[in-house]
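J.: Pasting a structure below so you can have a look.
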Amino acid sequence: MSLLGPKDQTKPWKGSYAPYDLVKELCIAVGVIALLAVLLTVLLSSPDDKPSTIAQWSHELPVNFATTAATELDEKSGTAEYGPPYNHSSGSVQHFLFLHPQRWLGVGHPIDTAEDYVVKPLETVPNDPALRGALAEYKAAPETQKKEWAAAYAAPLEEYATAVEENKTPPSTVALDTSTGTVTVKTSGAGPVPTMMASLQSLAQSGGLEGGLVSSSQFFQTDYTKPLLFMADGGLLEERAEQQHLLGEQWGLMNETGSYPGQPWLWLYALWYQVEPMKNSPNGDIQVLLIMGVLSLAFISIPFIPVINRIPRWIPIYKLIWREHYRRA
Amino acid sequence: MSATTGPPTPPPKIPSKSWTVKVREKGVEALPPERLLPDGQPTYVASWIYVFGVASIASLIVIIASGVILALKGPAWWHETGVGHFFNSIHMWSVELFFFAMVVHLWGKYWMAAWRGGRGRVWVTGAITFLVAVPCALTGYVSQQNFDAQWISTQAKDAMNSVGVGAFFNLTNFGQMYSYHILLLPIAVVALVSIHVLLVRRNGVVPPFELEEKLAGVPSASRDLSGSPDPNGSLHTSTGAQGSPRASTGGGVPPASAGEQS
């Protein structure tokens with residue numbers, strides 16, 4: 001066994017050789033590919049749609065923002081109920097038979113949605129005695145009371161969202177001032193929550209919430225997990241994605257904005273999401289990844305898989321590839 | 001009086017204890033220079049399919065060159081300047097060309113059954129390169145700091161989380177994804193491509209089917225005519241069936257074409 005493995009023991013070539021300049025060929029190839037890339041760049045450029053911001057979201061879809069923020073406080077949002085790696089819930093925990101890797105790997109990026117998305121950002125708002133009082137009241141209350149207040153505030157917003165979704169007349173308990181983007185929720189039993197949520201909406205519309213969500217003990221920030229998950233709980237990203245054909249049912253996994261090719265090499269991965277049972281299974285992701293894991297292993301092992309490694313002999317595409325050779329022979 | 005003597009006898013070779021010498025000797029034994037950088041290739045290496053291997057490597061070189069320029073200026077540069085956007089576009093299109101060339105290359109190699117004759121590792125390293133290139137591209141998409149990055153990261157996270165990978169590979173963490181994209185995964189891809197190419201240089205380009213079957217019956221003594229350096233240090237020659245004799249410099253394989261032409 002040599003450094004790089006056994007030599008080719010079976011196929012000594014005793015035929016003729018043609019002159020060949022490896023370095024020249026590589027240089028020409030680099031030149032051609034670079035030229036092709038420049039040509040495609042000049043003709044087609046590349047997509048760069050501006051990112052959505054929380055300020056934009058709270059302005060364009062104020063009720064959706066308020067509803068999402070209420071579910072974060074109520075701990076009923078997608079992120080709040082997700083489970084590992086964000087918290088210990090179980091809403092999005094997947095498994096396959098006895099395999100529970102999501103549970104096994106645990107909470108790597110802890111998020112307490114009520115604290116991280118509402119309470120802590122509001123604590124950064126200066127010179128607002130009403131908010132200070134509301135926050136003090138909220139923080140001093142027992143957990144059950146907090147839940148009751150949050151649920152009482154969220155209920156009318158959820159009714160509003162349902163009515164809009166079903167094209168019905170929205171309930172009068174939620175009022176939207178379209179000129180300012182202010183959402184007012186008429187509800188009783190919500191304690192200090194309406195004051196807190198009004199301040200949160202103002203903070204978001206002023207652009208201050210993004211900073212509040214990435215702040216930690218570090219000055220420099222590179223982790224956008226919290227703001228991204230908060231926005232993903234809302235409706236703005238999805239609305240834009242649908243317009244750009246990026247949803248899962250639109251094979252969005254392999255697309256990108258505009259009419260660009262995206263990641264077509266993910267076609268097989270995206271395909272499994274279009275077929276049952278993965279399409280509608282709560283464990284669809286792990287099922288697809290396990291399928292792709294097995295297929296990837298098979299792909300690597302093709303030389304050693306009986307039948308699969310014989311197919312090229314049976315379907316003589318090689319005669320097309322080496323047609324010059326066979327013609328000469 | 002002068003004594004007639006032959007050429008001076010070289011001193012007997014004493015195995016060196018130097019690690020450096022051992023690595024050099026192993027390296028030269030596995031890949032002598034004329035095998036590493038050949039100037040001839042078997043005449044059967046004549047098809048357009050061979051172009052896609054070298055095109056994959058050429059695309060990778062353009063990807064790395066454009067990526068280095070983008071990295072030198074930082075991740076925000078391409079959003080703010082036309083020149084930056086130009087280089088980002090080159091980067092993106094060379095990635096598309098890379099995957100296109102690699103997929104055609106892989107299909108070509110499958111239909112040639114290019115793993116024959118002890119070339120299994122060539123296929124394996126090529127296949128793993130493709131699989132590692134996928135997350136390399138994905139981390140690029142989620143590092144773009146635009147809407148694509150927002151949407152792709154928040155959607156793809158569920159797949160990563162479902163198998164537990166999300167606990168330590170967080171698609172919504174820009175800093176982590178950027179590190180993976182511009183350093184860790186490119187190193188893996190380049191290392192795999194390098195091993196792949198060296199293995200191709202080592203094993204040579206797979207010959208056509210009939211040839212393989214015809215020559216499979218060639219006795220081992222005549223197989224040695226393929227050009228392994230003999231104990232006396234001279235190269236065997238291989239007389240071409242159709243052409244002039246030409247030095248064959250491979251150990252049991254022809255002085256094959258480019259590594260990308262496995």
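Ligands are numbered from 1 in the order shown, chains are lettered A, B, ... in the order of the structure tokens, and residues start at 1 in each chain.
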Please report, as an NGL selection string, each residue of stretch 7-211 of chain A to which DSSP assigns strand (DSSP E or B) when run on this structure's backbone.

T.: :A and (17-19 or 96 or 99 or 174-177 or 182-185)

J.: Dump N, CA and C atoms for the selected residues as a PDB file, in the first residue's frame?

T.:
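Dumped everything to again.pdb:
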ATOM      1  N   TYR A  17      -0.090   7.369 -27.130  1.00  0.00           N
ATOM      2  CA  TYR A  17      -0.315   8.558 -26.327  1.00  0.00           C
ATOM      3  C   TYR A  17      -0.357   9.782 -27.220  1.00  0.00           C
ATOM      4  N   ALA A  18      -1.117  10.744 -26.776  1.00  0.00           N
ATOM      5  CA  ALA A  18      -1.162  12.019 -27.491  1.00  0.00           C
ATOM      6  C   ALA A  18      -0.502  13.076 -26.623  1.00  0.00           C
ATOM      7  N   PRO A  19       0.182  14.017 -27.257  1.00  0.00           N
ATOM      8  CA  PRO A  19       0.783  15.093 -26.447  1.00  0.00           C
ATOM      9  C   PRO A  19      -0.304  15.828 -25.664  1.00  0.00           C
ATOM     10  N   PHE A  96     -37.850  10.424  14.531  1.00  0.00           N
ATOM     11  CA  PHE A  96     -38.119   9.335  13.591  1.00  0.00           C
ATOM     12  C   PHE A  96     -37.905   8.030  14.351  1.00  0.00           C
ATOM     13  N   LEU A  99     -35.410   7.682  17.117  1.00  0.00           N
ATOM     14  CA  LEU A  99     -34.389   8.734  16.992  1.00  0.00           C
ATOM     15  C   LEU A  99     -34.970  10.094  17.382  1.00  0.00           C
ATOM     16  N   VAL A 174     -60.393  45.612  18.048  1.00  0.00           N
ATOM     17  CA  VAL A 174     -59.057  46.023  17.587  1.00  0.00           C
ATOM     18  C   VAL A 174     -59.230  47.195  16.626  1.00  0.00           C
ATOM     19  N   ALA A 175     -58.606  48.318  16.976  1.00  0.00           N
ATOM     20  CA  ALA A 175     -58.706  49.502  16.121  1.00  0.00           C
ATOM     21  C   ALA A 175     -57.341  49.839  15.557  1.00  0.00           C
ATOM     22  N   LEU A 176     -57.323  50.118  14.260  1.00  0.00           N
ATOM     23  CA  LEU A 176     -56.054  50.467  13.608  1.00  0.00           C
ATOM     24  C   LEU A 176     -56.126  51.871  13.053  1.00  0.00           C
ATOM     25  N   ASP A 177     -55.197  52.698  13.491  1.00  0.00           N
ATOM     26  CA  ASP A 177     -55.061  54.044  12.927  1.00  0.00           C
ATOM     27  C   ASP A 177     -54.052  53.939  11.782  1.00  0.00           C
ATOM     28  N   THR A 182     -50.891  52.881  14.452  1.00  0.00           N
ATOM     29  CA  THR A 182     -51.089  52.537  15.862  1.00  0.00           C
ATOM     30  C   THR A 182     -52.226  51.526  16.003  1.00  0.00           C
ATOM     31  N   VAL A 183     -51.976  50.492  16.793  1.00  0.00           N
ATOM     32  CA  VAL A 183     -52.991  49.467  17.030  1.00  0.00           C
ATOM     33  C   VAL A 183     -53.498  49.629  18.461  1.00  0.00           C
ATOM     34  N   THR A 184     -54.813  49.713  18.617  1.00  0.00           N
ATOM     35  CA  THR A 184     -55.410  49.808  19.953  1.00  0.00           C
ATOM     36  C   THR A 184     -56.286  48.587  20.182  1.00  0.00           C
ATOM     37  N   VAL A 185     -56.040  47.917  21.294  1.00  0.00           N
ATOM     38  CA  VAL A 185     -56.818  46.718  21.618  1.00  0.00           C
ATOM     39  C   VAL A 185     -57.721  47.038  22.794  1.00  0.00           C
TER      40      VAL A 185
END

J.: Residues of stretch 42-200 of chain A in helix (DSSP H, G or I) according to DSSP, as number ranges by chain?

T.: A: 42-44, 54-60, 62-74, 101-105, 113-123, 129-140, 143-165, 193-200

J.: Take the residues that were just selected and, keeping C-alpha atoms, output them as a PDB file, in the first residue's frame.

T.:
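Output file out.pdb is given in full below:
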ATOM      1  CA  VAL A  42     -22.843  41.766 -17.267  1.00  0.00           C
ATOM      2  CA  LEU A  43     -26.011  40.280 -18.756  1.00  0.00           C
ATOM      3  CA  LEU A  44     -27.829  39.122 -15.616  1.00  0.00           C
ATOM      4  CA  ILE A  54     -38.780  45.067  12.223  1.00  0.00           C
ATOM      5  CA  ALA A  55     -39.491  48.781  11.744  1.00  0.00           C
ATOM      6  CA  GLN A  56     -40.779  48.086   8.228  1.00  0.00           C
ATOM      7  CA  TRP A  57     -42.856  45.165   9.508  1.00  0.00           C
ATOM      8  CA  SER A  58     -44.451  47.193  12.317  1.00  0.00           C
ATOM      9  CA  HIS A  59     -45.280  49.990   9.840  1.00  0.00           C
ATOM     10  CA  GLU A  60     -46.576  47.869   6.962  1.00  0.00           C
ATOM     11  CA  PRO A  62     -49.038  46.838  12.365  1.00  0.00           C
ATOM     12  CA  VAL A  63     -51.760  44.421  13.437  1.00  0.00           C
ATOM     13  CA  ASN A  64     -49.647  41.429  12.456  1.00  0.00           C
ATOM     14  CA  PHE A  65     -46.744  42.887  14.434  1.00  0.00           C
ATOM     15  CA  ALA A  66     -48.963  43.493  17.482  1.00  0.00           C
ATOM     16  CA  THR A  67     -50.435  39.989  17.238  1.00  0.00           C
ATOM     17  CA  THR A  68     -46.985  38.402  16.966  1.00  0.00           C
ATOM     18  CA  ALA A  69     -45.644  40.448  19.880  1.00  0.00           C
ATOM     19  CA  ALA A  70     -48.675  39.427  21.957  1.00  0.00           C
ATOM     20  CA  THR A  71     -48.048  35.744  21.224  1.00  0.00           C
ATOM     21  CA  GLU A  72     -44.403  36.185  22.214  1.00  0.00           C
ATOM     22  CA  LEU A  73     -45.516  37.628  25.557  1.00  0.00           C
ATOM     23  CA  ASP A  74     -48.181  34.954  25.886  1.00  0.00           C
ATOM     24  CA  PRO A 101     -31.690  13.957  17.880  1.00  0.00           C
ATOM     25  CA  GLN A 102     -33.346  17.350  18.306  1.00  0.00           C
ATOM     26  CA  ARG A 103     -34.131  16.506  21.938  1.00  0.00           C
ATOM     27  CA  TRP A 104     -30.767  14.801  22.491  1.00  0.00           C
ATOM     28  CA  LEU A 105     -28.695  17.800  21.368  1.00  0.00           C
ATOM     29  CA  THR A 113     -39.791  35.008  24.096  1.00  0.00           C
ATOM     30  CA  ALA A 114     -41.613  37.078  26.748  1.00  0.00           C
ATOM     31  CA  GLU A 115     -38.368  38.286  28.294  1.00  0.00           C
ATOM     32  CA  ASP A 116     -36.237  38.572  25.154  1.00  0.00           C
ATOM     33  CA  TYR A 117     -38.799  40.004  22.728  1.00  0.00           C
ATOM     34  CA  VAL A 118     -40.892  42.217  25.038  1.00  0.00           C
ATOM     35  CA  VAL A 119     -39.649  42.861  28.555  1.00  0.00           C
ATOM     36  CA  LYS A 120     -35.921  43.373  27.962  1.00  0.00           C
ATOM     37  CA  PRO A 121     -36.293  45.663  24.912  1.00  0.00           C
ATOM     38  CA  LEU A 122     -38.848  47.775  26.844  1.00  0.00           C
ATOM     39  CA  GLU A 123     -36.394  48.151  29.707  1.00  0.00           C
ATOM     40  CA  PRO A 129     -42.856  56.803  33.576  1.00  0.00           C
ATOM     41  CA  ALA A 130     -46.071  55.089  32.413  1.00  0.00           C
ATOM     42  CA  LEU A 131     -44.062  52.294  30.824  1.00  0.00           C
ATOM     43  CA  ARG A 132     -41.814  52.033  33.889  1.00  0.00           C
ATOM     44  CA  GLY A 133     -44.874  51.583  36.068  1.00  0.00           C
ATOM     45  CA  ALA A 134     -46.431  49.022  33.736  1.00  0.00           C
ATOM     46  CA  LEU A 135     -43.183  47.025  33.558  1.00  0.00           C
ATOM     47  CA  ALA A 136     -42.820  47.101  37.343  1.00  0.00           C
ATOM     48  CA  GLU A 137     -46.382  45.848  37.752  1.00  0.00           C
ATOM     49  CA  TYR A 138     -45.867  43.103  35.156  1.00  0.00           C
ATOM     50  CA  LYS A 139     -42.574  41.904  36.599  1.00  0.00           C
ATOM     51  CA  ALA A 140     -43.926  41.824  40.135  1.00  0.00           C
ATOM     52  CA  GLU A 143     -46.580  33.827  36.418  1.00  0.00           C
ATOM     53  CA  THR A 144     -50.253  32.849  36.243  1.00  0.00           C
ATOM     54  CA  GLN A 145     -51.293  36.504  36.387  1.00  0.00           C
ATOM     55  CA  LYS A 146     -48.820  37.390  33.630  1.00  0.00           C
ATOM     56  CA  LYS A 147     -50.274  34.650  31.469  1.00  0.00           C
ATOM     57  CA  GLU A 148     -53.837  35.845  32.081  1.00  0.00           C
ATOM     58  CA  TRP A 149     -52.966  39.437  31.146  1.00  0.00           C
ATOM     59  CA  ALA A 150     -51.096  38.357  28.020  1.00  0.00           C
ATOM     60  CA  ALA A 151     -53.889  35.994  26.948  1.00  0.00           C
ATOM     61  CA  ALA A 152     -56.544  38.696  27.501  1.00  0.00           C
ATOM     62  CA  TYR A 153     -54.567  41.062  25.263  1.00  0.00           C
ATOM     63  CA  ALA A 154     -53.805  38.469  22.595  1.00  0.00           C
ATOM     64  CA  ALA A 155     -57.347  37.106  22.230  1.00  0.00           C
ATOM     65  CA  PRO A 156     -58.895  40.059  20.310  1.00  0.00           C
ATOM     66  CA  LEU A 157     -55.839  40.267  18.064  1.00  0.00           C
ATOM     67  CA  GLU A 158     -56.102  36.601  17.211  1.00  0.00           C
ATOM     68  CA  GLU A 159     -59.822  37.055  16.458  1.00  0.00           C
ATOM     69  CA  TYR A 160     -58.872  39.952  14.209  1.00  0.00           C
ATOM     70  CA  ALA A 161     -56.260  37.868  12.386  1.00  0.00           C
ATOM     71  CA  THR A 162     -58.693  34.991  11.908  1.00  0.00           C
ATOM     72  CA  ALA A 163     -61.366  37.328  10.544  1.00  0.00           C
ATOM     73  CA  VAL A 164     -58.915  38.869   8.065  1.00  0.00           C
ATOM     74  CA  GLU A 165     -57.733  35.442   6.977  1.00  0.00           C
ATOM     75  CA  VAL A 193     -49.933  44.729  28.957  1.00  0.00           C
ATOM     76  CA  PRO A 194     -51.685  47.305  26.667  1.00  0.00           C
ATOM     77  CA  THR A 195     -49.278  50.013  27.881  1.00  0.00           C
ATOM     78  CA  MET A 196     -46.300  47.725  27.344  1.00  0.00           C
ATOM     79  CA  MET A 197     -47.402  46.676  23.865  1.00  0.00           C
ATOM     80  CA  ALA A 198     -48.099  50.241  22.770  1.00  0.00           C
ATOM     81  CA  SER A 199     -44.558  51.152  23.800  1.00  0.00           C
ATOM     82  CA  LEU A 200     -43.187  48.095  22.024  1.00  0.00           C
TER      83      LEU A 200
END

J.: When distances are computed from only C-alpha atoms, which of B:Gly40, B:Gly117, B:Pro135, B:Gly164 shows the smallest separation from A:Asp21?

T.: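 Comparing B:Gly40, B:Gly117, B:Pro135, B:Gly164 against A:Asp21, the winner is B:Gly40.
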
J.: For a quick check of understanding, using only C-alpha atoms, which of A:Phe299, A:Tyr273, A:Trp267, A:Phe98 has the smallest distance to chain B?

T.: A:Phe299

J.: Just want the 12 Å neighbourhood of A:Leu297, counted on only C-alpha atoms, with same-chain residues fewer than 6 positions away dropped. Output as a VMD selection string.

T.: (chain A and resid 290 to 291 303 to 305) or (chain B and resid 124 127 to 128 131)

J.: Check the smallest atom-to-atom distance from each of B:Asn88, B:Thr129, B:Thr154, B:Gln41 to B:Leu106 using only C-alpha atoms, then report the winner.

T.: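 Closest residue, counting only C-alpha atoms: B:Thr129.
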
J.: Rounded to one decimal, what separation in Å do you get between atom CA of A:His109 and atom CA of A:Leu203?

T.: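 Going from atom CA of A:His109 over to atom CA of A:Leu203 covers 24.7 Å.
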
J.: Just how far from atom CA of B:Thr43 is atom CA of A:Ser16, in Å to one decimal?

T.: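 Computing the Euclidean distance for atom CA of A:Ser16 and atom CA of B:Thr43 yields 6.1 Å.
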
J.: Would you list the contacts of B:Met177 as a count of residues only, taking every protein, DNA or RNA residue within 12 Å and counting only C-alpha atoms, but skipping same-chain residues closer than 2 positions in sequence?

T.: 34

J.: Which of these residues is nearest to chain B, using only C-alpha atoms: A:Val275, A:Ala204, A:Met292, A:Leu237?

T.: A:Leu237
